[in-house]
Every structure is written in structure tokens, then in C-alpha cells.
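Trainee: My questions will all concern the structure given below.
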Amino acid sequence: MKRKTLTTAVLAGLTGVAGMVSVSNAVNLNPDGLGQVLLYPYYSARGDNDTLISIVNTTDNAKSVKVRFLEALNSREVLDFNLYMSAYDVWVAAITATDAGGGQILIPDSSCTVPYFFGNDTLAAGETEADRLGQQDFLSFGYAGDGGPQEIERTASGYIEVIEMGTLVDLTNGSATAATHVLTDAGDGSGELPRPADCAQLVGAWTSVGASDGYWVVDQDVDHEPPSGGLFGAASIINVPSGTMFSYTADAIDGFVQGRILHTDPGSIFPNLNSGDDVSNVFIGGVVDTRQWTDPVEAVSATVLYNTVMNEYVVDPSINAQSEWVVNFPTKRFYVDPEFAIDTTPVAPFTSTWGPDGACEVVDFEFWDREEAPANPVIIGPIVSPPPPDGPGPNDFELCYEANVIRFADGASAPDATEILAEPRFTTFPVLDSGFTDGWVRFSFDNATRPASDPSTGSLVEYLGLPTIGFWVNTYSNGTLGGGTVLANYGGTFKHRGSRDLQAFVPPSP
């Protein structure tokens with residue numbers, strides 16, 4: 001089939017060489033923030049919040065990237081599409097609320113997406129660049145009938161996955177000279193927005209017209225080599241009426257796949273976090289521990305699996321302080337949701353299956369104030385047998401969703417939605433009250449994974465904990481000047497800290 005190669009018309013500066021493969025030889029969490037996979041723990045389009053996101057390609061290679069938005073309760077897709085980035089490119093977008101109460105993306109960026117959200121590149125009469133935003137509402141089809149809330153409002157909070165599918169190369173011509181971006185002028189000084197030279201070509205590559213198929217419909221690996229990494233990303237949750245902005249960097253998974261191309265059509269749910277390699281490298285106790293897992297997603301889980309998660313909180317009323325934690329289990333759907341589960345659900349380390357109330361995990365917690373005093377120590381005396389069923393006790397609570405928001409209380413009753421991120425009470429959100437105005441908290445996860453083997457020795461271990469990412473977000477306001485009027489709001493985000501542990505696997509007795 002005769003076809004027009006990608007880079008000669010769209011992607012400039014490629015030499016036909018994909019570049020060096022990542023030095024990582026197994027799935028790992030890159031502390032430098034660069035990788036093939038980016039995980040953004042939370043987005044919000046609730047309560048006047050908007051979320052701004054960016055993806056940066058730091059390499060001199062063009063890339064095809066899957067961008068996926070997942071709702072917070074059960075990680076069902078609300079939108080995904082293909083993004084095609086040129087060398088050194090940056091793609092940006094905003095997540096904001098629709099009139100119907102759901103989420104949507106607004107895209108001011110010129111990078112090519114398929115589907116292409118801009119339509120006609122030419123500015124209409126009287127139109128300015130500020131008017132030209134690509135737009136797409138989030139969709140509810142993915143969670144239809146899953147037992148959770150079915151309203152479009154469910155799409156207004158969640159998290160984001162970005163997966164590099166491949167390195168784009170021109171294998172036919174070997175070089176390319178066309179400009180990646182062009183700026184044309186009709187001669188009247190109005191000009192057009194800078195756009196990639198031919199995004200329509202990429203759309204056409206995925207389009208079938210009658211008996212004629214686009215070249216990616218015929219062969220999705222055309223002009224691709226395996227992923228080469230080098231992506232990083234960030235997000236900011238901004239609330240204009242409140243005058244606050246909370247920023248964080250995306251967690252970067254590197255070595256996700258070696259020697260394979262993952263390029264798929266824009267309507268596919270693949271690749272996902274179970275599409276990579278099944279060997280992980282995890283830094284534990286000063287040593288890199290290498291393990292081979294039963295399923296690829298378990299290697300991703302291992303890189304972010306913690307037996308304790310720790311952070312601070314401040315709820316001091318004298319400075320109008322509020323604190324919330326985001327605790328995200330980014331791979332949970334593969335363990336608890338029958339639609340995606342890698343085995344009969346639930347799969348260790350998770351212990352419950354998705355249902356109308358979520359898939360709840362019991363979390364032990366301990367509070368300390370800033371002077372190392374523990375909060376409300378619980379004394380447990382002897383009890384008669386049989387004991388009550390396991391469940392949340394005095395120092396326990398439950399996390400039931402994929403992306404959880406935890407509100408730290410100031411002694412007042414819990415509202416219908418959290419004050420900062422505006423996460424609503426679908427069923428409930430956890431509220432923790434230590435009686436202190438500030439201090440720190442440690443969550444403990446006692447769960448154990450399925451056993452994994454050392455590729456060199458075959459020895460089996462279990463990792464302890466749950467795959468967790470997230471951050472603490474806090475706000476303060478100054479209302480002491482100007483007759484009690486709030487003059488300034490302040491806020492920040494702080495990544496969770498954690499510890500890792502493993503134990504030798506002992507097979508159960510027959």
C-alpha cells in the first residue's frame with residue numbers, strides 16, 4: 001500500500017533513529033521524574049476548582065502517547081485519546097466543569113491529538129486566539145451499570161494516566177525537513193493559530209473510508225519504534241474565586257516496556273497499566289530488589305507499594321487552616337473490578353471486590369502532634385471468644401475508592417463536600433480528628449501481595465502494603481485585617497512519604 005509517511009509532513013527533525021532505550025531494565029519509579037508512564041493522583045472540576053495539566057517531551061524524538069482520564073470511584077475511563085508529540089514538545093490542557101456538572105477538557109495547545117479537537121484551523125471573523133479552545137466533555141459510558149453512581153457528576157473528579165506507546169520515526173525516507181509548526185498569514189494581518197503542519201494526516205491514518213483504510217488501521221506499528229521514555233508532567237488545581245492554587249508533579253514510571261510497541265487506535269482501552277513488562281526494580285532498605293510478577297500490572301504496583309504512608313496536617317482555627325489528603329490506589333481496578341481483574345477478584349494485596357459501596361480497605365492510623373505526643377491512645381483489654389468480625393476499630397478507618405480524599409477535622413461536623421477539593425459524599429469520605437491543631441499521621445497497610453520471584457534465584461517474597469500515590473493539600477487565610485475581610489489565601493501540596501517492606505513467602509499448609 002502506498003502511503004505518505006508521518007514525519008515528512010508532520011513531525012520534524014527526526015533522523016530515523018529512535019534514540020537510546022532507557023537504561024532501566026525493569027519497571028521502576030524514577031526519582032528524577034522522567035519516564036514512559038506518568039501518574040497524576042488527582043484532578044478536580046468541583047467547587048470552582050479547575051485542574052491544569054502539562055506533559056513534556058524532553059527528548060529529540062517524536063512520540064505517540066495515550067492520555068487517559070479516570071473517575072475517582074472505580075477508575076472507569078471517562079475519556080482517552082492519542083497524543084502525538086514532536087521533539088521537545090509540551091502539551092497542556094485544563095479540566096473544568098460543564099453546565100451539567102460533569103468534567104471536560106479545554107485544550108489551547110497546538111500538538112496533534114486523534115481525534116482532533118480543534119476542527120478548522122482557520123480563525124473565524126471576529127474570533128481571537130482566546131476563543132479557539134479544543135473541547136471535549138467527559139463521558140459516562142465507561143461506568144454505566146457498574147453499581148456505582150451513574151450521574152455525569154461522577155466525572156468531575158478523578159486522576160490521569162499517560163502512557164508512551166512508541167517513538168515515532170520515518171523508516172521510509174530516513175529524514176524529514178518539514179516544519180513541525182507553521183504560521184500562515186492571509187495577507188490581511190489576521191494570521192492563523194500556529195498548528196502542526198498536518199494533523200489531518202494523523203486523523204486520516206486512523207480513518208476508514210469505504211474500502212480504503214488509513215495506514216495505521218492496516219498496521220498500527222507503521223513508523224514506530226519502542227518507547228524511549230523522557231516524559232515528565234505536572235498539574236495545578238486552581239480556584240479563582242478563592243485565590244488558591246495547588247501544584248504537584250506527576251509520578252514517573254520508567255522501564256515500563258522494553259522492545260515492544262504499544263501503539264493502539266484512539267478508541268482502544270489499551271495500552272493500560274497491565275500492558276508493560278512483568279519485572280520490577282524497587283529500592284528497599286538501600287538495595288534494589290528485582291522481582292518477576294505473575295501479571296505486568298503487579299510490577300507497576302510494586303514500584304509504588306508502601307506498608308506505611310506518612311504526612312502532616314494543620315487544622316488550626318486561628319489561621320483558618322484546613323487540610324485534606326489525596327490517597328490514590330492507581331492500579332486498584334485490576335485487583336477489585338471484575339471488568340478488569342487479572343484473576344478472580346479480589347486479588348492480593350486488595351481484600352474486597354468493587355460493589356455499590358466501593359471496594360473498602362481497612363487502614364490503621366496513628367496521630368502525633370508537633371511535640372511528639374500521641375493522640376488518644378487506645379488501650380485494648382482481654383475479650384471473650386468468639387471475637388467480633390474484623391472491621392474498622394478505634395484506630396482504623398476505611399478507604400473505599402481509587403482516588404480517595406480524606407478530610408482532617410477541626411472538631412466541627414463533616415460537610416457535604418470537603419472544603420478544599422470539594423469531593424462530595426458519594427457514600428462517605430473519611431474524616432479524621434486527632435484533637436490536635438497540627439502534627440503528622442501514619443497510615444499502616446498490613447496487606448501482602450501475591451508472591452513474586454527473584455529472576456536469578458527463584459526465591460519468593462511478598463511485598464507488604466498497598467500501591468499508593470498522593471499528597472497533602474492545605475490552605476490558610478488571612479482575615480485579621482481590613483475589618484475582618486479576607487485579604488489573602490495561601491496553600492500548598494506536599495507529596496506523601498512512605499516505607500517499604502517485604503517478607504519471605506511461606507506457602508500455606510495443605
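Lettering and numbering for the C-alpha cells are positional, with chains as A, B, ... in the shown order, residues counted from 1 in each chain, and ligands counted from 1 in the shown order.
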I'd like to know which residues of region 233-285 of chain A are strand (DSSP E or B) (by DSSP, run on the backbone); could you write them as a PyMOL selection string?
Mentor: chain A and resi 233-239+244-249+251-254+279-284
Trainee: Might you pull out every residue within 7 Å of Arg333 (chain A), with only C-alpha atoms counted and same-chain residues fewer than 5 positions away left off, and present them as number ranges by chain?
Mentor: A: 74-75, 340-341
Trainee: Let me see the file: selected residues, C-alpha atoms, as a PDB file, in the first residue's frame.
Mentor:
```pdb
ATOM      1  CA  ASN A  74     -13.775   2.831  40.354  1.00  0.00           C
ATOM      2  CA  SER A  75     -11.161   4.033  37.839  1.00  0.00           C
ATOM      3  CA  PHE A 340     -10.522  -5.596  34.535  1.00  0.00           C
ATOM      4  CA  ALA A 341      -9.319  -8.015  37.218  1.00  0.00           C
TER       5      ALA A 341
END
```
Trainee: So which one's closest to Gln36 (chain A), A:Asp80, A:Glu312, A:Glu161, A:Glu153? Using only C-alpha atoms, please.
Mentor: A:Glu161
Trainee: At a cut-off of 6 Å, using only C-alpha atoms, what residues contact Ile237 (chain A)? Leave out same-chain residues fewer than 5 positions from it and give the result as a list of chain:residue names.
Mentor: A:Asp50, A:Thr51, A:Met245, A:Phe246
Trainee: Kindly give the distance, in Å, that separates CA of Val473 (chain A) and CA of Glu324 (chain A), rounded to a single decimal.
Mentor: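 Separation of CA of Val473 (chain A) and CA of Glu324 (chain A): 5.4 Å.
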Trainee: Determine, counting only C-alpha atoms, which protein, DNA and RNA residues have an atom within 12 Å of an atom of Thr353 (chain A); residues of the same chain fewer than 3 positions away are not included. Present the result as a PyMOL selection string.
Mentor: chain A and resi 74+146-147+332-341+343-350+356-361+400-401
Trainee: Give me, as a PyMOL selection string, all polymer residues having an atom no more than 6 Å from Glu77 (chain A), counting only C-alpha atoms and skipping those fewer than 6 positions away in the same chain.
Mentor: chain A and resi 69-70+142
Trainee: Please produce a file of the residues just selected, as a PDB file, in the first residue's frame, where the atoms kept are N, CA and C atoms.
Mentor:
```pdb
ATOM      1  N   PHE A  69      -8.160   9.727  31.218  1.00  0.00           N
ATOM      2  CA  PHE A  69      -8.767  10.314  32.405  1.00  0.00           C
ATOM      3  C   PHE A  69      -9.700   9.262  33.028  1.00  0.00           C
ATOM      4  N   LEU A  70      -9.562   9.040  34.339  1.00  0.00           N
ATOM      5  CA  LEU A  70     -10.341   8.023  35.043  1.00  0.00           C
ATOM      6  C   LEU A  70     -11.066   8.662  36.222  1.00  0.00           C
ATOM      7  N   GLY A 142     -18.192   4.484  30.360  1.00  0.00           N
ATOM      8  CA  GLY A 142     -17.298   3.507  30.968  1.00  0.00           C
ATOM      9  C   GLY A 142     -17.808   2.950  32.281  1.00  0.00           C
TER      10      GLY A 142
END
```
Trainee: How far is it from CA of Ala252 (chain A) to CA of Ser268 (chain A), in Å with one decimal?
Mentor: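 We find that CA of Ala252 (chain A) and CA of Ser268 (chain A) lie 22.6 Å from each other.
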Trainee: Interatomic distance between CA of Trp440 (chain A) and CA of Gly491 (chain A)?
Mentor: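 Computing the Euclidean distance for CA of Trp440 (chain A) and CA of Gly491 (chain A) yields 17.4 Å.
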Trainee: Which one is closest to Ala488 (chain A): A:Ser275, A:Val114, A:Pro241, A:Gln135? Count only C-alpha atoms.
Mentor: A:Pro241
Trainee: List the neighbours of region 37-40 of chain A out to 6 Å using only C-alpha atoms; skip same-chain residues closer than 2 positions along the sequence, and give me the result as JSON, numbers by chain.
Mentor: {"A": [35, 42, 159, 160, 161, 162, 163, 250, 251, 252, 253]}
